[in-house]
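As structure tokens, the structure follows; a few thoughts come after it.
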Amino acid sequence: MDDVFNNENESFQQETRLIENEYSVNLPTKFFYKGKWNNGWINIVNPFRASIVLGTPGSGKSYAIVNNYIKQHIEKGFAMYIYDFKFDDLSTIAYNHLLKHSDKYKVKPKFYVINFDDPRRSHRCNPLSPAFMTDISDAYEASYTIMLNLNRTWISKQGEFFVDSPIILLASIIWFLKIYENGKYCTFPHAIELLNKKYADVFTILTSYPELENYLSAFMDAWQGGAQDQLQGQIASAKIPLSRMISPQLYWVMTGDDFSLDINNPQEPKILCVGNNPDRQNIYSSALGLYNSRIVKLINKKGQLQSSIVIDELPTIYFRGLDFISTARSNRISSLFGIQDYSQLTRDYGDKESKVIQNLVGNIFSGQVVGETAKTLSERFGKVLQKRQSITINRNDKSTSISTQLDTLIPASKISTLTQGMFVGSVSDNFDERIEQKIFHAEIVVDNEKVSAETKAYKKIPHILSFTDENGNDNMKQVIEANYRQVKADVMQIVESEMERVKNDPDLQYLVQQE
């Protein structure tokens, strides 16, 4: 009874070599084996096979793993996209680390921030930039991401009439703005404003374009058949959720063009941090989800710079096309997803998509998790031959028998009681960098004094725009309000000029009669 918790049987030899390459992330560890603590390493030699970090709040996910990914990938010259749920925790680390290590890049990268809360500390970027929208399917993807972020319950109802109708309507409006005057007004705020105009005018304008006529046939049938109630329902299911996003600050950030989203362009590498706010995540997540899906589409191409996507608190945002991780490896895209528990992922992404994400990742880290997640991980880590000793005492003698039994290497009960900073998991290897023992159960060693000194020396992310007039007065509110009014005026002018065009075109008189 010296080992009542079976710690000795469940301890195992782990990787003690440091295996580095030009892309690797290496984390020093301490693990218990043969009655003593040993020094080891977790070597993520192939980060392009995707990584996932699990753990209840306070288990040390960000401190031990996410922060190291950001720092080590900047030191190795990666372009980066960081989703910072609690802005500016991760963004400050990325900004300061880049200041120290910008010499690691052949072309010095630029640092960009998207932050709806404080326009002074945000660049402006149009995720619907017409230059990067080559096909109507791009508009559909964008619309899909926006609507499913605004209505999470729709994720499990994809394909249903009242889910697909508003998505198709918004996609048609986005594509119309792309082809109208060479995409001059192709922004998300313009799309919201146009959707909120009189539906008779909107349909008349959209269906006057042959490339949108078939796309809107279901709406046209309802209109022509006099099914006004159905049509109002279809339009309302698009208008109501999008009206939550009508905000001058959001309009300001999403109508500018300070940079493009091809972050891994070798001639213009970028480190982009997008900031959410837990208090306003229902509003911001849709806009940020749009940045996510556009970036993934643009960077997943051959011949680009190696890049790293870090999404902390993944379930707080609907990331359309997460299965890009299955093709991203050949294009040198590393991805790291932070999640508290698999049940969160299933709740927000649906059972099918959640299972795909769980099964596609090659590197897994888990702090303390409980229930089904702990059982799933325990099964993933497999079984090992363990020694069993039993002692039988009777009146005449005492006998000892020793047997072996195949038993769980890391039981679910161990995973559910892990100490802060202790992680279990497994890593992937390469053809020429074989790792025999891929599974680990260890404390990730963080030099607290060094981290504390670094943090104290951190500079704040500077103001990007000063918003002062020629007299030195703060005019941020006026500038943002003026931009807001300009978007509304642009859309009003589009509707008036397009309706005039339709009325004066003899080939389109049937649309005027329907109206």
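To be explicit about the labels: the chains of the structure tokens are called A, B, and onward in the order shown, and within each one the residues are counted from 1, while ligands get numbers from 1 in the order they are shown.
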
Within stretch 168-221 of chain A, find each residue whose DSSP state, derived from the backbone, is alpha helix (DSSP H), and express the selection as a VMD selection string. chain A and resid 168 to 179 188 to 195 199 to 207 210 to 213 217 to 221

Spatial neighbours of stretch 342-352 of chain A, max dist 12 Å, only C-alpha atoms, sep filter under 6 positions, as a tab-separated table (two decimals) with all heavy atoms, in the first residue's frame:
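That gives us result32.tsv:
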chain	number	residue	atom	x	y	z
A	52	ILE	N	-4.61	21.79	-30.38
A	52	ILE	CA	-5.77	22.21	-29.58
A	52	ILE	C	-5.35	22.21	-28.12
A	52	ILE	O	-4.60	21.33	-27.68
A	52	ILE	CB	-6.98	21.26	-29.84
A	52	ILE	CG1	-8.29	21.94	-29.51
A	52	ILE	CG2	-6.85	19.95	-29.15
A	52	ILE	CD1	-9.51	21.24	-30.09
A	53	VAL	N	-5.79	23.23	-27.38
A	53	VAL	CA	-5.47	23.34	-25.95
A	53	VAL	C	-6.78	23.34	-25.18
A	53	VAL	O	-7.63	24.20	-25.40
A	53	VAL	CB	-4.71	24.65	-25.62
A	53	VAL	CG1	-4.26	24.65	-24.17
A	53	VAL	CG2	-3.52	24.83	-26.52
A	54	LEU	N	-6.94	22.38	-24.29
A	54	LEU	CA	-8.15	22.26	-23.48
A	54	LEU	C	-7.83	22.58	-22.02
A	54	LEU	O	-6.69	22.42	-21.59
A	54	LEU	CB	-8.69	20.83	-23.55
A	54	LEU	CG	-9.21	20.35	-24.90
A	54	LEU	CD1	-8.99	18.86	-25.04
A	54	LEU	CD2	-10.68	20.68	-25.05
A	55	GLY	N	-8.85	22.99	-21.30
A	55	GLY	CA	-8.62	23.22	-19.87
A	55	GLY	C	-9.66	24.15	-19.28
A	55	GLY	O	-10.05	25.13	-19.91
A	56	THR	N	-10.10	23.85	-18.07
A	56	THR	CA	-11.06	24.71	-17.38
A	56	THR	C	-10.40	26.06	-17.09
A	56	THR	O	-9.17	26.16	-17.10
A	56	THR	CB	-11.52	24.06	-16.07
A	56	THR	OG1	-10.35	23.69	-15.32
A	56	THR	CG2	-12.36	22.83	-16.33
A	148	LEU	N	-24.62	33.05	-39.26
A	148	LEU	CA	-24.51	31.96	-38.28
A	148	LEU	C	-23.85	32.43	-36.99
A	148	LEU	O	-24.07	31.85	-35.94
A	148	LEU	CB	-23.77	30.76	-38.88
A	148	LEU	CG	-24.70	29.70	-39.48
A	148	LEU	CD1	-25.56	30.25	-40.60
A	148	LEU	CD2	-23.94	28.49	-39.97
A	149	ASN	N	-23.03	33.48	-37.06
A	149	ASN	CA	-22.49	34.07	-35.83
A	149	ASN	C	-23.58	34.80	-35.06
A	149	ASN	O	-23.57	34.83	-33.84
A	149	ASN	CB	-21.36	35.04	-36.16
A	149	ASN	CG	-19.99	34.38	-36.00
A	149	ASN	OD1	-19.62	33.97	-34.92
A	149	ASN	ND2	-19.24	34.26	-37.08
A	150	LEU	N	-24.51	35.42	-35.80
A	150	LEU	CA	-25.59	36.16	-35.15
A	150	LEU	C	-26.68	35.23	-34.61
A	150	LEU	O	-27.39	35.57	-33.67
A	150	LEU	CB	-26.23	37.14	-36.14
A	150	LEU	CG	-25.40	38.39	-36.46
A	150	LEU	CD1	-25.97	39.11	-37.65
A	150	LEU	CD2	-25.34	39.33	-35.25
A	151	ASN	N	-26.81	34.05	-35.23
A	151	ASN	CA	-27.85	33.09	-34.82
A	151	ASN	C	-27.20	31.72	-34.64
A	151	ASN	O	-27.23	30.90	-35.56
A	151	ASN	CB	-28.95	32.99	-35.90
A	151	ASN	CG	-29.58	34.32	-36.21
A	151	ASN	OD1	-30.49	34.76	-35.54
A	151	ASN	ND2	-29.10	34.98	-37.25
A	152	ARG	N	-26.64	31.46	-33.48
A	152	ARG	CA	-25.91	30.20	-33.27
A	152	ARG	C	-26.81	28.98	-33.42
A	152	ARG	O	-26.35	27.90	-33.79
A	152	ARG	CB	-25.25	30.18	-31.89
A	152	ARG	CG	-24.13	31.20	-31.70
A	152	ARG	CD	-22.95	30.87	-32.61
A	152	ARG	NE	-21.85	31.77	-32.38
A	152	ARG	CZ	-20.89	31.60	-31.47
A	152	ARG	NH1	-20.90	30.52	-30.71
A	152	ARG	NH2	-19.92	32.47	-31.35
A	153	THR	N	-28.12	29.14	-33.14
A	153	THR	CA	-29.03	27.99	-33.24
A	153	THR	C	-29.17	27.53	-34.69
A	153	THR	O	-29.57	26.40	-34.96
A	153	THR	CB	-30.43	28.34	-32.69
A	153	THR	OG1	-30.92	29.48	-33.38
A	153	THR	CG2	-30.37	28.61	-31.20
A	154	TRP	N	-28.84	28.40	-35.64
A	154	TRP	CA	-28.95	28.04	-37.06
A	154	TRP	C	-27.88	27.04	-37.50
A	154	TRP	O	-28.02	26.40	-38.53
A	154	TRP	CB	-28.85	29.30	-37.94
A	154	TRP	CG	-30.05	30.19	-37.89
A	154	TRP	CD1	-31.14	30.06	-37.07
A	154	TRP	CD2	-30.29	31.35	-38.69
A	154	TRP	NE1	-32.03	31.08	-37.30
A	154	TRP	CE2	-31.54	31.89	-38.29
A	154	TRP	CE3	-29.58	32.00	-39.69
A	154	TRP	CZ2	-32.08	33.03	-38.86
A	154	TRP	CZ3	-30.11	33.15	-40.26
A	154	TRP	CH2	-31.36	33.66	-39.85
A	155	ILE	N	-26.80	26.94	-36.73
A	155	ILE	CA	-25.69	26.07	-37.12
A	155	ILE	C	-26.19	24.63	-37.32
A	155	ILE	O	-25.79	23.94	-38.26
A	155	ILE	CB	-24.54	26.13	-36.08
A	155	ILE	CG1	-23.92	27.53	-36.09
A	155	ILE	CG2	-23.47	25.08	-36.37
A	155	ILE	CD1	-22.99	27.81	-34.91
A	156	SER	N	-27.07	24.20	-36.43
A	156	SER	CA	-27.58	22.82	-36.53
A	156	SER	C	-28.78	22.71	-37.47
A	156	SER	O	-29.32	21.64	-37.66
A	156	SER	CB	-27.97	22.31	-35.14
A	156	SER	OG	-28.93	23.18	-34.56
A	157	LYS	N	-29.22	23.86	-38.05
A	157	LYS	CA	-30.40	23.85	-38.94
A	157	LYS	C	-30.03	24.24	-40.37
A	157	LYS	O	-30.88	24.71	-41.13
A	157	LYS	CB	-31.46	24.82	-38.42
A	157	LYS	CG	-31.99	24.47	-37.04
A	157	LYS	CD	-32.94	25.55	-36.57
A	157	LYS	CE	-33.39	25.28	-35.14
A	157	LYS	NZ	-34.18	26.40	-34.60
A	158	GLN	N	-28.74	24.08	-40.72
A	158	GLN	CA	-28.31	24.48	-42.06
A	158	GLN	C	-29.08	23.68	-43.12
A	158	GLN	O	-29.25	22.48	-42.98
A	158	GLN	CB	-26.81	24.25	-42.21
A	158	GLN	CG	-26.00	25.19	-41.31
A	158	GLN	CD	-24.52	24.86	-41.32
A	158	GLN	OE1	-23.94	24.71	-42.37
A	158	GLN	NE2	-23.90	24.77	-40.15
A	313	GLU	N	-10.13	30.78	-26.93
A	313	GLU	CA	-11.58	30.73	-26.68
A	313	GLU	C	-12.36	30.59	-27.99
A	313	GLU	O	-13.22	31.41	-28.34
A	313	GLU	CB	-12.04	32.00	-25.91
A	313	GLU	CG	-11.32	32.25	-24.60
A	313	GLU	CD	-11.55	31.17	-23.53
A	313	GLU	OE1	-12.42	30.31	-23.73
A	313	GLU	OE2	-10.85	31.19	-22.51
A	314	LEU	N	-12.06	29.54	-28.73
A	314	LEU	CA	-12.69	29.29	-30.04
A	314	LEU	C	-14.22	29.30	-30.01
A	314	LEU	O	-14.84	29.86	-30.91
A	314	LEU	CB	-12.18	27.95	-30.59
A	314	LEU	CG	-12.80	27.45	-31.89
A	314	LEU	CD1	-12.43	28.36	-33.06
A	314	LEU	CD2	-12.38	26.02	-32.19
A	315	PRO	N	-14.89	28.72	-28.99
A	315	PRO	CA	-16.36	28.68	-29.05
A	315	PRO	C	-17.03	30.05	-28.99
A	315	PRO	O	-18.22	30.15	-29.26
A	315	PRO	CB	-16.74	27.83	-27.82
A	315	PRO	CG	-15.53	27.01	-27.55
A	315	PRO	CD	-14.38	27.89	-27.88
A	316	THR	N	-16.30	31.12	-28.66
A	316	THR	CA	-16.93	32.44	-28.59
A	316	THR	C	-17.15	33.04	-29.98
A	316	THR	O	-17.68	34.13	-30.12
A	316	THR	CB	-16.08	33.43	-27.77
A	316	THR	OG1	-14.81	33.61	-28.42
A	316	THR	CG2	-15.88	32.94	-26.35
A	317	ILE	N	-16.71	32.34	-31.02
A	317	ILE	CA	-16.86	32.85	-32.38
A	317	ILE	C	-17.15	31.68	-33.31
A	317	ILE	O	-16.64	30.58	-33.10
A	317	ILE	CB	-15.54	33.58	-32.79
A	317	ILE	CG1	-15.75	34.47	-34.00
A	317	ILE	CG2	-14.40	32.64	-33.00
A	317	ILE	CD1	-14.65	35.49	-34.16
A	318	TYR	N	-18.03	31.90	-34.31
A	318	TYR	CA	-18.29	30.83	-35.27
A	318	TYR	C	-17.31	30.99	-36.43
A	318	TYR	O	-17.33	31.97	-37.16
A	318	TYR	CB	-19.72	30.85	-35.80
A	318	TYR	CG	-19.95	29.76	-36.82
A	318	TYR	CD1	-19.92	28.42	-36.44
A	318	TYR	CD2	-20.12	30.04	-38.17
A	318	TYR	CE1	-20.09	27.40	-37.37
A	318	TYR	CE2	-20.30	29.04	-39.11
A	318	TYR	CZ	-20.28	27.72	-38.70
A	318	TYR	OH	-20.43	26.71	-39.62
A	319	PHE	N	-16.41	30.02	-36.54
A	319	PHE	CA	-15.34	30.06	-37.53
A	319	PHE	C	-15.75	29.17	-38.70
A	319	PHE	O	-15.61	27.96	-38.65
A	319	PHE	CB	-14.06	29.53	-36.87
A	319	PHE	CG	-12.79	29.88	-37.56
A	319	PHE	CD1	-11.71	30.37	-36.84
A	319	PHE	CD2	-12.64	29.71	-38.92
A	319	PHE	CE1	-10.51	30.68	-37.47
A	319	PHE	CE2	-11.45	30.02	-39.56
A	319	PHE	CZ	-10.40	30.51	-38.83
A	320	ARG	N	-16.29	29.77	-39.75
A	320	ARG	CA	-16.74	29.01	-40.92
A	320	ARG	C	-15.55	28.39	-41.64
A	320	ARG	O	-14.55	29.05	-41.91
A	320	ARG	CB	-17.48	29.97	-41.85
A	320	ARG	CG	-17.76	29.45	-43.25
A	320	ARG	CD	-19.00	28.61	-43.30
A	320	ARG	NE	-19.39	28.33	-44.67
A	320	ARG	CZ	-20.09	27.31	-45.04
A	320	ARG	NH1	-20.50	26.44	-44.14
A	320	ARG	NH2	-20.43	27.11	-46.29
A	321	GLY	N	-15.63	27.09	-41.91
A	321	GLY	CA	-14.56	26.41	-42.66
A	321	GLY	C	-13.37	26.02	-41.81
A	321	GLY	O	-12.24	26.07	-42.23
A	322	LEU	N	-13.66	25.60	-40.56
A	322	LEU	CA	-12.55	25.23	-39.67
A	322	LEU	C	-11.80	24.00	-40.16
A	322	LEU	O	-10.65	23.78	-39.78
A	322	LEU	CB	-13.11	24.93	-38.27
A	322	LEU	CG	-12.74	25.92	-37.16
A	322	LEU	CD1	-13.26	25.42	-35.84
A	322	LEU	CD2	-11.25	26.15	-37.07
A	323	ASP	N	-12.44	23.20	-41.02
A	323	ASP	CA	-11.74	22.02	-41.50
A	323	ASP	C	-10.64	22.36	-42.51
A	323	ASP	O	-10.05	21.46	-43.10
A	323	ASP	CB	-12.72	20.99	-42.09
A	323	ASP	CG	-13.62	21.60	-43.16
A	323	ASP	OD1	-13.51	22.82	-43.40
A	323	ASP	OD2	-14.44	20.86	-43.74
A	358	GLN	N	-12.21	17.79	-33.36
A	358	GLN	CA	-11.53	16.95	-32.36
A	358	GLN	C	-10.62	15.91	-33.02
A	358	GLN	O	-9.53	15.62	-32.54
A	358	GLN	CB	-12.57	16.23	-31.50
A	358	GLN	CG	-13.36	17.12	-30.58
A	358	GLN	CD	-14.45	16.34	-29.85
A	358	GLN	OE1	-14.26	15.20	-29.46
A	358	GLN	NE2	-15.60	16.96	-29.69
A	359	ASN	N	-11.10	15.34	-34.13
A	359	ASN	CA	-10.37	14.23	-34.74
A	359	ASN	C	-9.29	14.65	-35.74
A	359	ASN	O	-8.46	13.85	-36.12
A	359	ASN	CB	-11.36	13.28	-35.43
A	359	ASN	CG	-12.30	12.63	-34.44
A	359	ASN	OD1	-11.97	12.49	-33.27
A	359	ASN	ND2	-13.48	12.26	-34.88
A	366	SER	N	-3.95	19.16	-22.75
A	366	SER	CA	-5.13	19.29	-21.89
A	366	SER	C	-4.71	19.52	-20.45
A	366	SER	O	-3.95	18.74	-19.88
A	366	SER	CB	-6.01	18.04	-21.97
A	366	SER	OG	-7.06	18.15	-21.05
A	369	VAL	N	-9.74	18.91	-17.17
A	369	VAL	CA	-11.08	18.84	-17.78
A	369	VAL	C	-11.81	17.67	-17.13
A	369	VAL	O	-11.17	16.77	-16.60
A	369	VAL	CB	-11.04	18.64	-19.32
A	369	VAL	CG1	-10.59	19.89	-20.03
A	369	VAL	CG2	-10.18	17.45	-19.72
A	370	VAL	N	-13.14	17.69	-17.18
A	370	VAL	CA	-13.90	16.65	-16.48
A	370	VAL	C	-14.91	15.99	-17.43
A	370	VAL	O	-15.01	16.35	-18.60
A	370	VAL	CB	-14.65	17.25	-15.25
A	370	VAL	CG1	-13.68	17.80	-14.24
A	370	VAL	CG2	-15.62	18.36	-15.70
A	371	GLY	N	-15.63	15.01	-16.90
A	371	GLY	CA	-16.73	14.39	-17.63
A	371	GLY	C	-16.32	13.69	-18.91
A	371	GLY	O	-15.29	13.02	-18.99
A	372	GLU	N	-17.15	13.89	-19.95
A	372	GLU	CA	-16.95	13.21	-21.24
A	372	GLU	C	-15.61	13.58	-21.88
A	372	GLU	O	-14.98	12.74	-22.52
A	372	GLU	CB	-18.09	13.56	-22.20
A	372	GLU	CG	-19.39	12.83	-21.93
A	372	GLU	CD	-19.23	11.31	-21.97
A	372	GLU	OE1	-18.58	10.79	-22.91
A	372	GLU	OE2	-19.72	10.64	-21.05
A	373	THR	N	-15.20	14.84	-21.73
A	373	THR	CA	-13.93	15.28	-22.34
A	373	THR	C	-12.77	14.49	-21.76
A	373	THR	O	-11.89	14.02	-22.49
A	373	THR	CB	-13.72	16.80	-22.11
A	373	THR	OG1	-14.86	17.49	-22.60
A	373	THR	CG2	-12.49	17.30	-22.83
A	374	ALA	N	-12.76	14.32	-20.43
A	374	ALA	CA	-11.68	13.56	-19.77
A	374	ALA	C	-11.68	12.10	-20.24
A	374	ALA	O	-10.63	11.52	-20.51
A	374	ALA	CB	-11.85	13.63	-18.25
A	375	LYS	N	-12.89	11.51	-20.40
A	375	LYS	CA	-12.98	10.11	-20.87
A	375	LYS	C	-12.46	9.98	-22.31
A	375	LYS	O	-11.72	9.05	-22.63
A	375	LYS	CB	-14.44	9.64	-20.83
A	375	LYS	CG	-14.93	9.31	-19.43
A	375	LYS	CD	-16.38	8.83	-19.50
A	375	LYS	CE	-16.98	8.83	-18.11
A	375	LYS	NZ	-18.44	8.73	-18.14
A	376	THR	N	-12.86	10.92	-23.15
A	376	THR	CA	-12.43	10.89	-24.57
A	376	THR	C	-10.92	10.96	-24.66
A	376	THR	O	-10.28	10.22	-25.43
A	376	THR	CB	-13.06	12.08	-25.33
A	376	THR	OG1	-14.46	12.05	-25.17
A	376	THR	CG2	-12.72	12.04	-26.81
A	377	LEU	N	-10.32	11.87	-23.88
A	377	LEU	CA	-8.86	12.02	-23.91
A	377	LEU	C	-8.16	10.78	-23.38
A	377	LEU	O	-7.17	10.31	-23.94
A	377	LEU	CB	-8.43	13.25	-23.10
A	377	LEU	CG	-8.81	14.61	-23.68
A	377	LEU	CD1	-8.50	15.71	-22.68
A	377	LEU	CD2	-8.06	14.87	-24.98

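Near stretch 378-389 of chain A, within 9 Å and counting only C-alpha atoms, sit A:Asn9, A:Glu10, A:Thr373, A:Thr400, A:Ser401, A:Ile402, A:Ser403, A:Thr404, A:Gln405, A:Leu406, A:Asp407, A:Thr408, A:Leu409, A:Ile410, A:Pro411, A:Ala412, A:Ile415, A:Gly425, A:Ser426, A:Ile439, not including residues fewer than 5 positions from it in the same chain.
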
So that I can check the surroundings of stretch 62-72 of chain A, please list as a ChimeraX atom specification every protein, DNA and RNA residue that reaches within 8 Å of it, counting only C-alpha atoms and ignoring chain neighbours fewer than 4 positions away. /A:25,27,53,76,90,93-94,97,310,312,336,338,421,444-446

Store the residues picked out above in a file with all heavy atoms, as a compact mmCIF listing (two decimals), in the first residue's frame.
# COMPACT_ATOMS: atom_id res chain seq x y z
N VAL A 25 7.73 24.41 -31.95
CA VAL A 25 7.48 25.06 -30.65
C VAL A 25 7.95 24.06 -29.61
O VAL A 25 7.56 22.88 -29.65
CB VAL A 25 5.99 25.38 -30.45
CG1 VAL A 25 5.73 25.93 -29.06
CG2 VAL A 25 5.50 26.36 -31.51
N LEU A 27 8.55 23.20 -25.49
CA LEU A 27 8.17 23.59 -24.13
C LEU A 27 8.91 22.71 -23.12
O LEU A 27 8.80 21.48 -23.17
CB LEU A 27 6.65 23.41 -23.94
CG LEU A 27 5.75 24.13 -24.96
CD1 LEU A 27 4.31 23.68 -24.79
CD2 LEU A 27 5.85 25.62 -24.81
N VAL A 53 -5.79 23.23 -27.38
CA VAL A 53 -5.47 23.34 -25.95
C VAL A 53 -6.78 23.34 -25.18
O VAL A 53 -7.63 24.20 -25.40
CB VAL A 53 -4.71 24.65 -25.62
CG1 VAL A 53 -4.26 24.65 -24.17
CG2 VAL A 53 -3.52 24.83 -26.52
N LYS A 76 10.51 32.82 -34.98
CA LYS A 76 10.86 32.01 -36.16
C LYS A 76 10.31 32.60 -37.46
O LYS A 76 10.26 31.92 -38.48
CB LYS A 76 10.37 30.57 -35.96
CG LYS A 76 11.17 29.93 -34.82
CD LYS A 76 11.00 28.45 -34.65
CE LYS A 76 11.98 27.95 -33.59
NZ LYS A 76 11.86 26.56 -33.30
N LEU A 90 -3.36 39.05 -25.35
CA LEU A 90 -2.44 38.40 -26.28
C LEU A 90 -1.81 39.42 -27.24
O LEU A 90 -0.66 39.27 -27.65
CB LEU A 90 -3.17 37.32 -27.09
CG LEU A 90 -3.87 36.22 -26.30
CD1 LEU A 90 -4.56 35.23 -27.24
CD2 LEU A 90 -2.88 35.48 -25.42
N ILE A 93 1.37 41.01 -25.87
CA ILE A 93 2.51 40.09 -25.94
C ILE A 93 3.06 40.07 -27.36
O ILE A 93 4.28 40.18 -27.58
CB ILE A 93 2.08 38.66 -25.50
CG1 ILE A 93 1.76 38.65 -24.01
CG2 ILE A 93 3.16 37.63 -25.82
CD1 ILE A 93 1.04 37.39 -23.53
N ALA A 94 2.16 39.93 -28.36
CA ALA A 94 2.60 39.88 -29.77
C ALA A 94 3.31 41.17 -30.17
O ALA A 94 4.36 41.14 -30.82
CB ALA A 94 1.40 39.61 -30.67
N HIS A 97 6.78 41.43 -28.42
CA HIS A 97 7.72 40.41 -28.89
C HIS A 97 8.18 40.74 -30.31
O HIS A 97 9.34 40.48 -30.66
CB HIS A 97 7.08 39.03 -28.81
CG HIS A 97 8.03 37.98 -28.35
ND1 HIS A 97 8.56 37.94 -27.09
CD2 HIS A 97 8.61 36.93 -29.01
CE1 HIS A 97 9.40 36.92 -26.98
NE2 HIS A 97 9.44 36.29 -28.15
N VAL A 310 -3.80 31.79 -34.22
CA VAL A 310 -4.02 31.50 -32.80
C VAL A 310 -5.41 32.00 -32.43
O VAL A 310 -5.69 33.20 -32.47
CB VAL A 310 -2.96 32.18 -31.91
CG1 VAL A 310 -3.26 31.95 -30.44
CG2 VAL A 310 -1.57 31.67 -32.25
N ASP A 312 -7.80 31.90 -29.37
CA ASP A 312 -8.07 31.55 -27.97
C ASP A 312 -9.58 31.66 -27.74
O ASP A 312 -10.23 32.55 -28.30
CB ASP A 312 -7.30 32.51 -27.05
CG ASP A 312 -7.17 31.94 -25.65
OD1 ASP A 312 -7.44 30.74 -25.47
OD2 ASP A 312 -6.79 32.69 -24.73
N LEU A 336 -3.65 27.00 -33.77
CA LEU A 336 -3.77 26.64 -32.36
C LEU A 336 -5.14 27.13 -31.88
O LEU A 336 -5.46 28.31 -32.01
CB LEU A 336 -2.66 27.31 -31.53
CG LEU A 336 -2.77 27.14 -30.02
CD1 LEU A 336 -2.47 25.71 -29.60
CD2 LEU A 336 -1.83 28.09 -29.29
N GLY A 338 -7.81 27.35 -28.64
CA GLY A 338 -8.01 27.23 -27.19
C GLY A 338 -9.48 27.00 -26.87
O GLY A 338 -10.34 27.74 -27.34
N GLY A 421 -1.02 24.18 -14.31
CA GLY A 421 0.32 24.08 -14.93
C GLY A 421 0.68 22.67 -15.37
O GLY A 421 1.63 22.47 -16.11
N ILE A 444 4.42 21.92 -17.35
CA ILE A 444 5.14 22.77 -18.30
C ILE A 444 5.83 23.85 -17.49
O ILE A 444 5.19 24.60 -16.73
CB ILE A 444 4.18 23.37 -19.35
CG1 ILE A 444 3.61 22.22 -20.21
CG2 ILE A 444 4.89 24.39 -20.22
CD1 ILE A 444 2.62 22.63 -21.26
N VAL A 445 7.15 23.91 -17.62
CA VAL A 445 7.96 24.82 -16.80
C VAL A 445 7.95 26.21 -17.42
O VAL A 445 8.31 26.39 -18.58
CB VAL A 445 9.42 24.31 -16.68
CG1 VAL A 445 10.26 25.27 -15.87
CG2 VAL A 445 9.43 22.91 -16.06
N VAL A 446 7.51 27.19 -16.63
CA VAL A 446 7.53 28.59 -17.08
C VAL A 446 8.40 29.37 -16.10
O VAL A 446 8.22 29.25 -14.88
CB VAL A 446 6.10 29.19 -17.12
CG1 VAL A 446 6.15 30.64 -17.59
CG2 VAL A 446 5.20 28.37 -18.03

Might you pull out every residue within 12 Å of stretch 240-243 of chain A, with only C-alpha atoms counted and same-chain residues fewer than 6 positions away left off, and present them as a PyMOL selection string? chain A and resi 143+146-152+166-167+170+188-196+232-234+282-284+286-287

Can you pull out every residue from stretch 88-205 of chain A that DSSP, working from the backbone, puts in strand (DSSP E or B), and format the result as an NGL selection string? :A and (110-115)

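If you look at atom CA of A:Val487 and atom CA of A:Tyr251, they are 8.1 Å away from each other.
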
Exercise: A:Ser122 partners within 7 Å, only C-alpha atoms, chain neighbours under 3 positions left out, as a ChimeraX atom specification: /A:113-115,118-119,464

Residue contacts of stretch 84-88 of chain A (7 Å, only C-alpha atoms) excluding same-chain residues fewer than 2 positions away, as an MDAnalysis selection string: chainID A and resid 82 90:92 273:278 312:313

Distance atom CA of A:Leu98-atom CA of A:Ser285, one decimal place? 26.3 Å

A:Tyr180, A:Phe203, A:Phe423, A:Tyr81: which is nearest A:Ser59, counting only C-alpha atoms? A:Phe423

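Minimum distance to A:Leu261 across A:Val202, A:Leu418, A:Met133, A:Cys125 (counting only C-alpha atoms) occurs at A:Cys125.
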
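Taking only C-alpha atoms into account, A:Ala482 lies nearest to A:Trp252 out of the set A:Trp252, A:Glu500, A:Lys355, A:Ser307.
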
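Considering only C-alpha atoms, the residue among A:Gly367, A:Gly40, A:Pro210, A:Gly60 positioned nearest to A:Glu15 is A:Gly40.
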
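Among the candidates A:Phe132, A:Phe176, A:Phe365, A:Phe219, the residue lying nearest to A:Asp262 is A:Phe132 (atoms considered: only C-alpha atoms).
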
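Atom to atom, atom CA of A:Gly362 and atom CA of A:Val424 stand 14.1 Å apart.
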
Residue among A:Phe259, A:Tyr83, A:Tyr215, A:Tyr144 lying closest to A:Phe111, counting only C-alpha atoms: A:Phe259
